[in-house]
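Structure file model_31.tsv (TSV, C-alpha atoms) follows.
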chain	number	residue	atom	x	y	z
A	1	MET	CA	-46.76	-43.66	13.51
A	2	ILE	CA	-46.77	-41.35	16.52
A	3	ASP	CA	-46.04	-44.23	18.88
A	4	SER	CA	-43.23	-45.54	16.64
A	5	PHE	CA	-41.46	-42.26	15.86
A	6	PHE	CA	-42.53	-39.76	18.54
A	7	ASN	CA	-42.83	-41.87	21.69
A	8	LEU	CA	-42.03	-39.37	24.46
A	9	ASP	CA	-41.33	-42.05	27.07
A	10	VAL	CA	-38.71	-43.68	24.85
A	11	MET	CA	-37.22	-40.29	23.96
A	12	ALA	CA	-36.91	-39.35	27.61
A	13	ARG	CA	-35.05	-42.59	28.39
A	14	VAL	CA	-32.55	-42.24	25.54
A	15	LEU	CA	-32.05	-38.47	25.77
A	16	PRO	CA	-28.87	-38.70	27.94
A	17	ALA	CA	-27.28	-41.08	25.41
A	18	ILE	CA	-28.17	-38.78	22.51
A	19	ILE	CA	-26.71	-35.77	24.36
A	20	SER	CA	-23.53	-37.76	24.97
A	21	GLY	CA	-23.42	-38.58	21.26
A	22	MET	CA	-23.87	-34.89	20.42
A	23	TRP	CA	-20.68	-34.01	22.28
A	24	VAL	CA	-18.79	-36.72	20.43
A	25	THR	CA	-20.18	-35.47	17.10
A	26	ILE	CA	-19.28	-31.87	17.90
A	27	GLY	CA	-15.75	-32.79	19.02
A	28	LEU	CA	-15.11	-34.99	16.00
A	29	SER	CA	-16.50	-32.34	13.63
A	30	ILE	CA	-14.25	-29.63	15.08
A	31	LEU	CA	-11.17	-31.83	14.80
A	32	VAL	CA	-11.97	-32.90	11.24
A	33	ILE	CA	-12.79	-29.40	10.02
A	34	THR	CA	-9.71	-27.85	11.62
A	35	SER	CA	-7.16	-30.43	10.49
A	36	GLY	CA	-8.72	-30.95	7.06
A	37	THR	CA	-8.84	-27.23	6.29
A	38	VAL	CA	-5.28	-26.60	7.46
A	39	PHE	CA	-3.93	-29.57	5.48
A	40	GLY	CA	-5.87	-28.50	2.39
A	41	LEU	CA	-4.45	-24.98	2.63
A	42	ALA	CA	-0.93	-26.39	3.05
A	43	LEU	CA	-1.36	-28.53	-0.07
A	44	ALA	CA	-2.69	-25.61	-2.13
A	45	THR	CA	0.19	-23.40	-0.98
A	46	LEU	CA	2.70	-26.12	-1.84
A	47	ARG	CA	1.05	-26.58	-5.22
A	48	ALA	CA	1.48	-22.87	-5.93
A	49	LEU	CA	5.26	-23.36	-5.78
A	50	GLN	CA	4.97	-25.30	-9.08
A	51	TYR	CA	7.23	-28.26	-8.34
A	52	LYS	CA	6.11	-30.75	-10.99
A	53	VAL	CA	6.75	-33.96	-9.07
A	54	VAL	CA	5.11	-32.58	-5.93
A	55	ASN	CA	2.16	-31.27	-7.93
A	56	LEU	CA	1.60	-34.68	-9.52
A	57	PHE	CA	1.42	-36.23	-6.08
A	58	ILE	CA	-0.99	-33.55	-4.83
A	59	VAL	CA	-3.27	-33.90	-7.86
A	60	PHE	CA	-3.32	-37.68	-7.47
A	61	PHE	CA	-4.12	-37.42	-3.76
A	62	VAL	CA	-6.89	-34.88	-4.34
A	63	ASP	CA	-8.49	-36.80	-7.20
A	64	ALA	CA	-8.34	-40.11	-5.35
A	65	PHE	CA	-9.88	-38.85	-2.12
A	66	ARG	CA	-12.56	-36.92	-3.97
A	67	ALA	CA	-13.48	-39.98	-6.06
A	68	ILE	CA	-13.60	-42.67	-3.36
A	69	PRO	CA	-16.62	-42.57	-1.01
A	70	ALA	CA	-15.67	-41.58	2.53
A	71	LEU	CA	-17.37	-44.69	3.91
A	72	VAL	CA	-15.15	-46.95	1.79
A	73	ILE	CA	-12.00	-45.15	2.97
A	74	LEU	CA	-13.15	-45.39	6.56
A	75	MET	CA	-13.83	-49.12	6.43
A	76	VAL	CA	-10.64	-49.97	4.52
A	77	VAL	CA	-8.45	-48.08	6.99
A	78	PHE	CA	-10.22	-49.46	10.06
A	79	PHE	CA	-10.28	-53.10	8.96
A	80	ALA	CA	-7.09	-53.31	6.87
A	81	LEU	CA	-4.49	-51.61	9.09
A	82	PRO	CA	-4.62	-54.29	11.82
A	83	TYR	CA	-3.19	-56.72	9.25
A	84	VAL	CA	0.01	-54.64	9.22
A	85	ASP	CA	0.04	-54.32	13.03
A	86	VAL	CA	-1.44	-50.82	13.08
A	87	GLN	CA	-4.44	-50.59	15.38
A	88	LEU	CA	-6.38	-47.32	15.43
A	89	SER	CA	-9.45	-46.61	17.50
A	90	GLY	CA	-12.70	-45.88	15.70
A	91	PHE	CA	-12.53	-42.21	16.70
A	92	VAL	CA	-8.97	-41.75	15.40
A	93	THR	CA	-9.82	-43.63	12.20
A	94	ALA	CA	-12.85	-41.42	11.57
A	95	TRP	CA	-10.84	-38.27	12.33
A	96	LEU	CA	-7.98	-39.30	10.02
A	97	CYS	CA	-10.12	-40.46	7.08
A	98	LEU	CA	-12.62	-37.60	7.13
A	99	SER	CA	-9.80	-35.08	7.54
A	100	LEU	CA	-8.08	-36.44	4.42
A	101	VAL	CA	-11.34	-36.31	2.46
A	102	LEU	CA	-11.97	-32.73	3.56
A	103	ALA	CA	-8.37	-31.77	2.79
A	104	ALA	CA	-8.79	-33.00	-0.79
A	105	PHE	CA	-11.84	-30.80	-1.32
A	106	CYS	CA	-10.32	-27.84	0.51
A	107	GLU	CA	-7.16	-28.01	-1.58
A	108	GLU	CA	-9.22	-27.65	-4.75
A	109	ILE	CA	-11.19	-24.76	-3.25
A	110	PHE	CA	-8.03	-22.93	-2.16
A	111	TRP	CA	-6.23	-23.68	-5.42
A	112	THR	CA	-9.13	-22.40	-7.53
A	113	SER	CA	-9.29	-19.29	-5.36
A	114	ILE	CA	-5.56	-18.66	-5.78
A	115	LEU	CA	-5.92	-18.97	-9.55
A	116	SER	CA	-8.88	-16.57	-9.45
A	117	VAL	CA	-6.77	-13.75	-8.03
A	118	ASP	CA	-5.90	-11.38	-10.86
A	119	LYS	CA	-2.36	-11.76	-12.20
A	120	GLY	CA	-1.94	-8.03	-11.77
A	121	GLN	CA	-1.91	-8.57	-8.01
A	122	TRP	CA	1.11	-10.85	-8.38
A	123	GLU	CA	2.85	-8.36	-10.65
A	124	ALA	CA	2.13	-5.45	-8.33
A	125	ALA	CA	3.51	-7.34	-5.35
A	126	ARG	CA	6.64	-8.42	-7.20
A	127	SER	CA	7.20	-4.86	-8.45
A	128	THR	CA	7.48	-3.65	-4.85
A	129	GLY	CA	10.31	-6.11	-4.23
A	130	PHE	CA	8.32	-8.92	-2.65
A	131	SER	CA	9.61	-12.42	-3.26
A	132	PHE	CA	7.27	-15.08	-4.66
A	133	LEU	CA	6.55	-16.47	-1.19
A	134	ARG	CA	5.96	-13.02	0.34
A	135	SER	CA	3.67	-12.13	-2.55
A	136	LEU	CA	1.74	-15.33	-2.00
A	137	ARG	CA	1.52	-14.86	1.76
A	138	TYR	CA	0.72	-11.16	2.05
A	139	VAL	CA	-1.09	-10.32	-1.20
A	140	VAL	CA	-2.56	-13.37	-2.93
A	141	LEU	CA	-3.62	-15.64	-0.06
A	142	PRO	CA	-5.67	-12.99	1.80
A	143	GLN	CA	-7.70	-12.37	-1.38
A	144	ALA	CA	-7.94	-16.10	-2.10
A	145	MET	CA	-9.21	-16.77	1.42
A	146	ARG	CA	-12.07	-14.34	0.87
A	147	LEU	CA	-13.03	-16.13	-2.33
A	148	ALA	CA	-12.72	-19.54	-0.67
A	149	LEU	CA	-14.71	-18.81	2.47
A	150	PRO	CA	-18.27	-19.42	1.17
A	151	PRO	CA	-17.54	-22.83	-0.43
A	152	LEU	CA	-15.42	-23.77	2.58
A	153	THR	CA	-18.33	-23.24	4.97
A	154	ASN	CA	-20.58	-25.43	2.83
A	155	ARG	CA	-17.95	-28.16	2.66
A	156	ALA	CA	-17.40	-27.93	6.42
A	157	ILE	CA	-21.10	-28.48	7.05
A	158	ALA	CA	-21.14	-31.44	4.65
A	159	ILE	CA	-18.16	-33.12	6.31
A	160	GLY	CA	-19.63	-32.42	9.74
A	161	LYS	CA	-22.74	-34.34	8.81
A	162	SER	CA	-20.53	-37.10	7.43
A	163	THR	CA	-19.31	-37.81	10.97
A	164	ALA	CA	-22.42	-40.03	11.12
A	165	LEU	CA	-20.35	-42.50	9.09
A	166	ALA	CA	-18.22	-43.03	12.19
A	167	SER	CA	-21.06	-45.13	13.58
A	168	VAL	CA	-19.89	-48.05	11.40
A	169	VAL	CA	-16.61	-48.18	13.35
A	170	ALA	CA	-18.35	-48.01	16.73
A	171	VAL	CA	-17.74	-44.34	17.50
A	172	PRO	CA	-20.47	-43.39	20.02
A	173	GLU	CA	-21.69	-40.33	18.12
A	174	ILE	CA	-25.34	-39.40	17.60
A	175	LEU	CA	-26.30	-42.03	15.02
A	176	ASN	CA	-24.50	-44.82	16.85
A	177	GLN	CA	-26.24	-43.98	20.11
A	178	ALA	CA	-29.62	-43.66	18.39
A	179	SER	CA	-29.23	-46.97	16.53
A	180	SER	CA	-28.31	-48.80	19.74
A	181	ALA	CA	-31.23	-47.23	21.58
A	182	GLN	CA	-33.59	-48.11	18.74
A	183	ALA	CA	-32.54	-51.76	18.88
A	184	GLN	CA	-32.95	-51.93	22.65
A	185	ALA	CA	-36.34	-50.17	22.70
A	186	ALA	CA	-37.68	-51.78	19.51
A	187	ASN	CA	-38.89	-48.30	18.63
A	188	ALA	CA	-37.74	-45.73	16.06
A	189	SER	CA	-38.21	-42.71	18.31
A	190	PRO	CA	-34.45	-42.52	19.10
A	191	LEU	CA	-33.83	-41.89	15.40
A	192	THR	CA	-36.28	-38.99	15.50
A	193	LEU	CA	-34.42	-37.62	18.49
A	194	ALA	CA	-31.15	-38.05	16.56
A	195	ALA	CA	-32.57	-36.02	13.68
A	196	ILE	CA	-33.51	-33.26	16.13
A	197	ALA	CA	-29.97	-33.36	17.55
A	198	TYR	CA	-28.44	-32.98	14.08
A	199	LEU	CA	-30.77	-30.04	13.42
A	200	ALA	CA	-29.70	-28.42	16.69
A	201	ILE	CA	-26.03	-28.70	15.71
A	202	PHE	CA	-26.03	-28.01	11.98
A	203	LEU	CA	-29.01	-25.72	11.34
A	204	PRO	CA	-27.23	-22.75	12.99
A	205	LEU	CA	-24.20	-23.51	10.81
A	206	VAL	CA	-26.37	-23.51	7.68
A	207	VAL	CA	-27.79	-20.12	8.66
A	208	MET	CA	-24.27	-18.86	9.37
A	209	SER	CA	-23.07	-20.09	5.97
A	210	ARG	CA	-25.74	-17.96	4.28
A	211	TRP	CA	-24.48	-14.94	6.18
A	212	VAL	CA	-20.88	-15.75	5.24
A	213	GLU	CA	-21.82	-16.06	1.57
A	214	SER	CA	-23.50	-12.66	1.56
A	215	ARG	CA	-20.90	-10.99	3.79
A	216	PHE	CA	-17.76	-12.13	1.99
A	217	ALA	CA	-18.98	-12.37	-1.59
A	218	TRP	CA	-17.31	-9.98	-4.00
A	219	ARG	CA	-19.53	-7.04	-4.82
A	220	GLN	CA	-20.44	-6.70	-8.49
So, in terms of structure tokens, how does the structure I just supplied come out?
Amino acid sequence: MIDSFFNLDVMARVLPAIISGMWVTIGLSILVITSGTVFGLALATLRALQYKVVNLFIVFFVDAFRAIPALVILMVVFFALPYVDVQLSGFVTAWLCLSLVLAAFCEEIFWTSILSVDKGQWEAARSTGFSFLRSLRYVVLPQAMRLALPPLTNRAIAIGKSTALASVVAVPEILNQASSAQAQAANASPLTLAAIAYLAIFLPLVVMSRWVESRFAWRQ
């Protein structure tokens, strides 16, 4: 078992490839988390305007992308779009698909947080002469963001780990590099090194999420 999973010679040979994959994973995670969160917030804000037709579209989008596995979306987009003369790289496909999945979850988090803000806050803002949009922007959204922050950090970590799915469309992230190295070396030690790399990236984020939950939780 030690020779198969903790072979130091094999690990030393594949370490540069794993480090290269770490940078790809980090870059893809940052792009997905940023774009997905912003798009989710935009959808929740638009939903708050209460346009029925728009809201139906938003609810359908959110439910669909929360129900379909991210891997299925990734493979359909990557392999189907070339049939309509749209060719996306594996990296762009992973960024687009995972961003849409994250946006669906973030929209629900933001929307629930907006609904959780006491109606008296709306009434107080409107009584001072604020319009609906100004009330939403300056009074409701800041409180909703505080409520949304803990679940958002957990969702961000989850989608960051999901960047491993990009390996199926040949994105040279950690898992892709480790799988290739494993095949070439006929040894599973690169996968062990990949697990260590994921720990190095995401364990600090898990610790930070605990701090965020305690720091921004509403006091009883």
Residues within 10 Å of A:Ser167, please, as an NGL selection string. Count only C-alpha atoms; anything in the same chain fewer than 2 positions from it doesn't count. :A and (90-91 or 94 or 163-165 or 169-179)
From A:Asn7, A:Val206, A:Ala166, A:Ser127, residue lying nearest A:Val72 [only C-alpha atoms]: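 When distances to A:Val72 are compared using only C-alpha atoms, the smallest one comes from A:Ala166.
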Between A:Gly27, A:Pro16, A:Gly36, A:Pro204, single out the one closest to A:Ala103, counting only C-alpha atoms.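 Of A:Gly27, A:Pro16, A:Gly36, A:Pro204, the one nearest A:Ala103, counting only C-alpha atoms, is A:Gly36.
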Using only C-alpha atoms and a cutoff of 10 Å, can you tell me which residues are near (-4.8, -31.1, 5.5) in the file's coordinates, and write them out as an NGL selection string? :A and (32-44 or 96 or 99-107)
In Å, rounded to a single decimal, give me how far atom CA of A:Met75 is from atom CA of A:Leu191.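 These atoms are spaced 23.1 Å apart.
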For atom CA of A:Ile2 and atom CA of A:Ser180, quote the distance in Å rounded to one decimal. 20.2 Å
Surrounding residues of A:Val117 excluding itself and chain neighbours under 3 positions, 8 Å, all atoms listed in the file, as a PDB file with C-alpha atoms, keeping the file's coordinate frame:
ATOM      1  CA  SER A 113      -9.290 -19.290  -5.360  1.00  0.00           C
ATOM      2  CA  ILE A 114      -5.560 -18.660  -5.780  1.00  0.00           C
ATOM      3  CA  GLN A 121      -1.910  -8.570  -8.010  1.00  0.00           C
ATOM      4  CA  VAL A 140      -2.560 -13.370  -2.930  1.00  0.00           C
ATOM      5  CA  GLN A 143      -7.700 -12.370  -1.380  1.00  0.00           C
ATOM      6  CA  ALA A 144      -7.940 -16.100  -2.100  1.00  0.00           C
TER       7      ALA A 144
END
Nearest to A:Asn154: which of A:Met208, A:Leu15, A:Leu71, A:Ala195 is it, counting all atoms listed in the file? A:Met208
Would you work out the distance separating atom CA of A:Arg155 from atom CA of A:Ala200, expressed in Å to one decimal?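 Distance reported for this atom pair: 18.3 Å.
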Which of these, A:Phe130, A:Phe5, A:Tyr83, A:Trp122, has the shortest distance to A:Ala194 once you count only C-alpha atoms?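 Smallest distance to A:Ala194 is found for A:Phe5.
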Using all atoms listed in the file for the distances, tell me which of A:Leu115, A:Ala67, A:Ile159, A:Ala80 is nearest to A:Arg47.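 Of all the options, A:Leu115 lies closest to A:Arg47.
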Out of A:Leu88, A:Leu193, A:Leu98, A:Tyr198, which residue has the shortest atom-to-atom distance to A:Ala181 when counting all atoms listed in the file? A:Leu193
Hey, can you pull every residue with an atom no more than 12 Å from (-10.4, -14.6, -6.0), using only C-alpha atoms, and send it as a short mmCIF file (atom, residue, chain, number, x, y, z; two decimals) with C-alpha atoms, in the frame of the given file?
data_model
loop_
_atom_site.label_atom_id
_atom_site.label_comp_id
_atom_site.auth_asym_id
_atom_site.auth_seq_id
_atom_site.Cartn_x
_atom_site.Cartn_y
_atom_site.Cartn_z
CA ILE A 109 -11.19 -24.76 -3.25
CA PHE A 110 -8.03 -22.93 -2.16
CA TRP A 111 -6.23 -23.68 -5.42
CA THR A 112 -9.13 -22.40 -7.53
CA SER A 113 -9.29 -19.29 -5.36
CA ILE A 114 -5.56 -18.66 -5.78
CA LEU A 115 -5.92 -18.97 -9.55
CA SER A 116 -8.88 -16.57 -9.45
CA VAL A 117 -6.77 -13.75 -8.03
CA ASP A 118 -5.90 -11.38 -10.86
CA LYS A 119 -2.36 -11.76 -12.20
CA GLN A 121 -1.91 -8.57 -8.01
CA VAL A 139 -1.09 -10.32 -1.20
CA VAL A 140 -2.56 -13.37 -2.93
CA LEU A 141 -3.62 -15.64 -0.06
CA PRO A 142 -5.67 -12.99 1.80
CA GLN A 143 -7.70 -12.37 -1.38
CA ALA A 144 -7.94 -16.10 -2.10
CA MET A 145 -9.21 -16.77 1.42
CA ARG A 146 -12.07 -14.34 0.87
CA LEU A 147 -13.03 -16.13 -2.33
CA ALA A 148 -12.72 -19.54 -0.67
CA LEU A 149 -14.71 -18.81 2.47
CA PRO A 150 -18.27 -19.42 1.17
CA PHE A 216 -17.76 -12.13 1.99
CA ALA A 217 -18.98 -12.37 -1.59
CA TRP A 218 -17.31 -9.98 -4.00
CA ARG A 219 -19.53 -7.04 -4.82
#
Would you mind completing stretch 130-141 of chain A so that it carries all heavy atoms, and writing it out as a PDB file, keeping the file's coordinate frame?
ATOM      1  N   PHE A 130       8.707  -7.707  -3.357  1.00  0.00           N
ATOM      2  CA  PHE A 130       8.320  -8.920  -2.650  1.00  0.00           C
ATOM      3  C   PHE A 130       8.818 -10.145  -3.403  1.00  0.00           C
ATOM      4  O   PHE A 130       8.766 -10.192  -4.624  1.00  0.00           O
ATOM      5  CB  PHE A 130       6.804  -9.013  -2.501  1.00  0.00           C
ATOM      6  CG  PHE A 130       6.255  -8.270  -1.315  1.00  0.00           C
ATOM      7  CD1 PHE A 130       6.972  -7.251  -0.708  1.00  0.00           C
ATOM      8  CD2 PHE A 130       5.013  -8.594  -0.803  1.00  0.00           C
ATOM      9  CE1 PHE A 130       6.464  -6.565   0.377  1.00  0.00           C
ATOM     10  CE2 PHE A 130       4.491  -7.912   0.291  1.00  0.00           C
ATOM     11  CZ  PHE A 130       5.218  -6.894   0.878  1.00  0.00           C
ATOM     12  N   SER A 131       9.281 -11.142  -2.653  1.00  0.00           N
ATOM     13  CA  SER A 131       9.610 -12.420  -3.260  1.00  0.00           C
ATOM     14  C   SER A 131       8.319 -13.152  -3.615  1.00  0.00           C
ATOM     15  O   SER A 131       7.216 -12.711  -3.267  1.00  0.00           O
ATOM     16  CB  SER A 131      10.437 -13.276  -2.293  1.00  0.00           C
ATOM     17  OG  SER A 131       9.648 -13.612  -1.158  1.00  0.00           O
ATOM     18  N   PHE A 132       8.454 -14.308  -4.303  1.00  0.00           N
ATOM     19  CA  PHE A 132       7.270 -15.080  -4.660  1.00  0.00           C
ATOM     20  C   PHE A 132       6.499 -15.491  -3.420  1.00  0.00           C
ATOM     21  O   PHE A 132       5.267 -15.365  -3.353  1.00  0.00           O
ATOM     22  CB  PHE A 132       7.679 -16.323  -5.463  1.00  0.00           C
ATOM     23  CG  PHE A 132       6.527 -17.216  -5.816  1.00  0.00           C
ATOM     24  CD1 PHE A 132       5.769 -16.981  -6.952  1.00  0.00           C
ATOM     25  CD2 PHE A 132       6.183 -18.297  -5.002  1.00  0.00           C
ATOM     26  CE1 PHE A 132       4.695 -17.794  -7.275  1.00  0.00           C
ATOM     27  CE2 PHE A 132       5.115 -19.118  -5.317  1.00  0.00           C
ATOM     28  CZ  PHE A 132       4.369 -18.867  -6.455  1.00  0.00           C
ATOM     29  N   LEU A 133       7.218 -16.000  -2.405  1.00  0.00           N
ATOM     30  CA  LEU A 133       6.550 -16.470  -1.190  1.00  0.00           C
ATOM     31  C   LEU A 133       5.892 -15.330  -0.430  1.00  0.00           C
ATOM     32  O   LEU A 133       4.778 -15.483   0.092  1.00  0.00           O
ATOM     33  CB  LEU A 133       7.554 -17.192  -0.287  1.00  0.00           C
ATOM     34  CG  LEU A 133       8.026 -18.567  -0.775  1.00  0.00           C
ATOM     35  CD1 LEU A 133       9.064 -19.143   0.184  1.00  0.00           C
ATOM     36  CD2 LEU A 133       6.845 -19.521  -0.897  1.00  0.00           C
ATOM     37  N   ARG A 134       6.563 -14.166  -0.349  1.00  0.00           N
ATOM     38  CA  ARG A 134       5.960 -13.020   0.340  1.00  0.00           C
ATOM     39  C   ARG A 134       4.757 -12.506  -0.434  1.00  0.00           C
ATOM     40  O   ARG A 134       3.761 -12.079   0.175  1.00  0.00           O
ATOM     41  CB  ARG A 134       7.007 -11.923   0.527  1.00  0.00           C
ATOM     42  CG  ARG A 134       8.025 -12.231   1.617  1.00  0.00           C
ATOM     43  CD  ARG A 134       9.144 -11.203   1.639  1.00  0.00           C
ATOM     44  NE  ARG A 134       8.651  -9.870   1.921  1.00  0.00           N
ATOM     45  CZ  ARG A 134       8.433  -9.379   3.141  1.00  0.00           C
ATOM     46  NH1 ARG A 134       8.674 -10.152   4.197  1.00  0.00           N
ATOM     47  NH2 ARG A 134       8.024  -8.150   3.322  1.00  0.00           N
ATOM     48  N   SER A 135       4.824 -12.541  -1.740  1.00  0.00           N
ATOM     49  CA  SER A 135       3.670 -12.130  -2.550  1.00  0.00           C
ATOM     50  C   SER A 135       2.486 -13.048  -2.307  1.00  0.00           C
ATOM     51  O   SER A 135       1.342 -12.605  -2.174  1.00  0.00           O
ATOM     52  CB  SER A 135       4.030 -12.135  -4.037  1.00  0.00           C
ATOM     53  OG  SER A 135       5.087 -11.248  -4.315  1.00  0.00           O
ATOM     54  N   LEU A 136       2.795 -14.353  -2.238  1.00  0.00           N
ATOM     55  CA  LEU A 136       1.740 -15.330  -2.000  1.00  0.00           C
ATOM     56  C   LEU A 136       1.132 -15.138  -0.610  1.00  0.00           C
ATOM     57  O   LEU A 136      -0.101 -15.147  -0.448  1.00  0.00           O
ATOM     58  CB  LEU A 136       2.308 -16.745  -2.129  1.00  0.00           C
ATOM     59  CG  LEU A 136       1.343 -17.904  -1.893  1.00  0.00           C
ATOM     60  CD1 LEU A 136       0.248 -17.921  -2.947  1.00  0.00           C
ATOM     61  CD2 LEU A 136       2.106 -19.235  -1.910  1.00  0.00           C
ATOM     62  N   ARG A 137       1.991 -14.936   0.377  1.00  0.00           N
ATOM     63  CA  ARG A 137       1.520 -14.860   1.760  1.00  0.00           C
ATOM     64  C   ARG A 137       0.757 -13.577   2.053  1.00  0.00           C
ATOM     65  O   ARG A 137      -0.315 -13.613   2.685  1.00  0.00           O
ATOM     66  CB  ARG A 137       2.714 -14.984   2.712  1.00  0.00           C
ATOM     67  CG  ARG A 137       2.333 -14.847   4.181  1.00  0.00           C
ATOM     68  CD  ARG A 137       3.563 -14.951   5.070  1.00  0.00           C
ATOM     69  NE  ARG A 137       3.207 -14.756   6.469  1.00  0.00           N
ATOM     70  CZ  ARG A 137       4.108 -14.717   7.467  1.00  0.00           C
ATOM     71  NH1 ARG A 137       5.397 -14.871   7.194  1.00  0.00           N
ATOM     72  NH2 ARG A 137       3.711 -14.531   8.709  1.00  0.00           N
ATOM     73  N   TYR A 138       1.288 -12.430   1.619  1.00  0.00           N
ATOM     74  CA  TYR A 138       0.720 -11.160   2.050  1.00  0.00           C
ATOM     75  C   TYR A 138      -0.264 -10.535   1.063  1.00  0.00           C
ATOM     76  O   TYR A 138      -1.058  -9.680   1.450  1.00  0.00           O
ATOM     77  CB  TYR A 138       1.860 -10.152   2.310  1.00  0.00           C
ATOM     78  CG  TYR A 138       2.728 -10.536   3.482  1.00  0.00           C
ATOM     79  CD1 TYR A 138       4.026 -10.994   3.285  1.00  0.00           C
ATOM     80  CD2 TYR A 138       2.243 -10.443   4.788  1.00  0.00           C
ATOM     81  CE1 TYR A 138       4.830 -11.345   4.363  1.00  0.00           C
ATOM     82  CE2 TYR A 138       3.042 -10.793   5.867  1.00  0.00           C
ATOM     83  CZ  TYR A 138       4.335 -11.249   5.651  1.00  0.00           C
ATOM     84  OH  TYR A 138       5.116 -11.600   6.720  1.00  0.00           O
ATOM     85  N   VAL A 139      -0.231 -10.962  -0.191  1.00  0.00           N
ATOM     86  CA  VAL A 139      -1.090 -10.320  -1.200  1.00  0.00           C
ATOM     87  C   VAL A 139      -2.125 -11.291  -1.756  1.00  0.00           C
ATOM     88  O   VAL A 139      -3.322 -10.999  -1.763  1.00  0.00           O
ATOM     89  CB  VAL A 139      -0.235  -9.736  -2.349  1.00  0.00           C
ATOM     90  CG1 VAL A 139      -1.140  -9.120  -3.415  1.00  0.00           C
ATOM     91  CG2 VAL A 139       0.734  -8.692  -1.812  1.00  0.00           C
ATOM     92  N   VAL A 140      -1.667 -12.452  -2.215  1.00  0.00           N
ATOM     93  CA  VAL A 140      -2.560 -13.370  -2.930  1.00  0.00           C
ATOM     94  C   VAL A 140      -3.441 -14.168  -1.972  1.00  0.00           C
ATOM     95  O   VAL A 140      -4.663 -14.247  -2.156  1.00  0.00           O
ATOM     96  CB  VAL A 140      -1.742 -14.304  -3.841  1.00  0.00           C
ATOM     97  CG1 VAL A 140      -2.660 -15.324  -4.510  1.00  0.00           C
ATOM     98  CG2 VAL A 140      -1.012 -13.480  -4.891  1.00  0.00           C
ATOM     99  N   LEU A 141      -2.838 -14.782  -0.957  1.00  0.00           N
ATOM    100  CA  LEU A 141      -3.620 -15.640  -0.060  1.00  0.00           C
ATOM    101  C   LEU A 141      -4.752 -14.913   0.669  1.00  0.00           C
ATOM    102  O   LEU A 141      -5.848 -15.467   0.807  1.00  0.00           O
ATOM    103  CB  LEU A 141      -2.697 -16.323   0.949  1.00  0.00           C
ATOM    104  CG  LEU A 141      -2.000 -17.597   0.463  1.00  0.00           C
ATOM    105  CD1 LEU A 141      -1.157 -18.204   1.578  1.00  0.00           C
ATOM    106  CD2 LEU A 141      -3.006 -18.630  -0.039  1.00  0.00           C
TER     107      LEU A 141
END
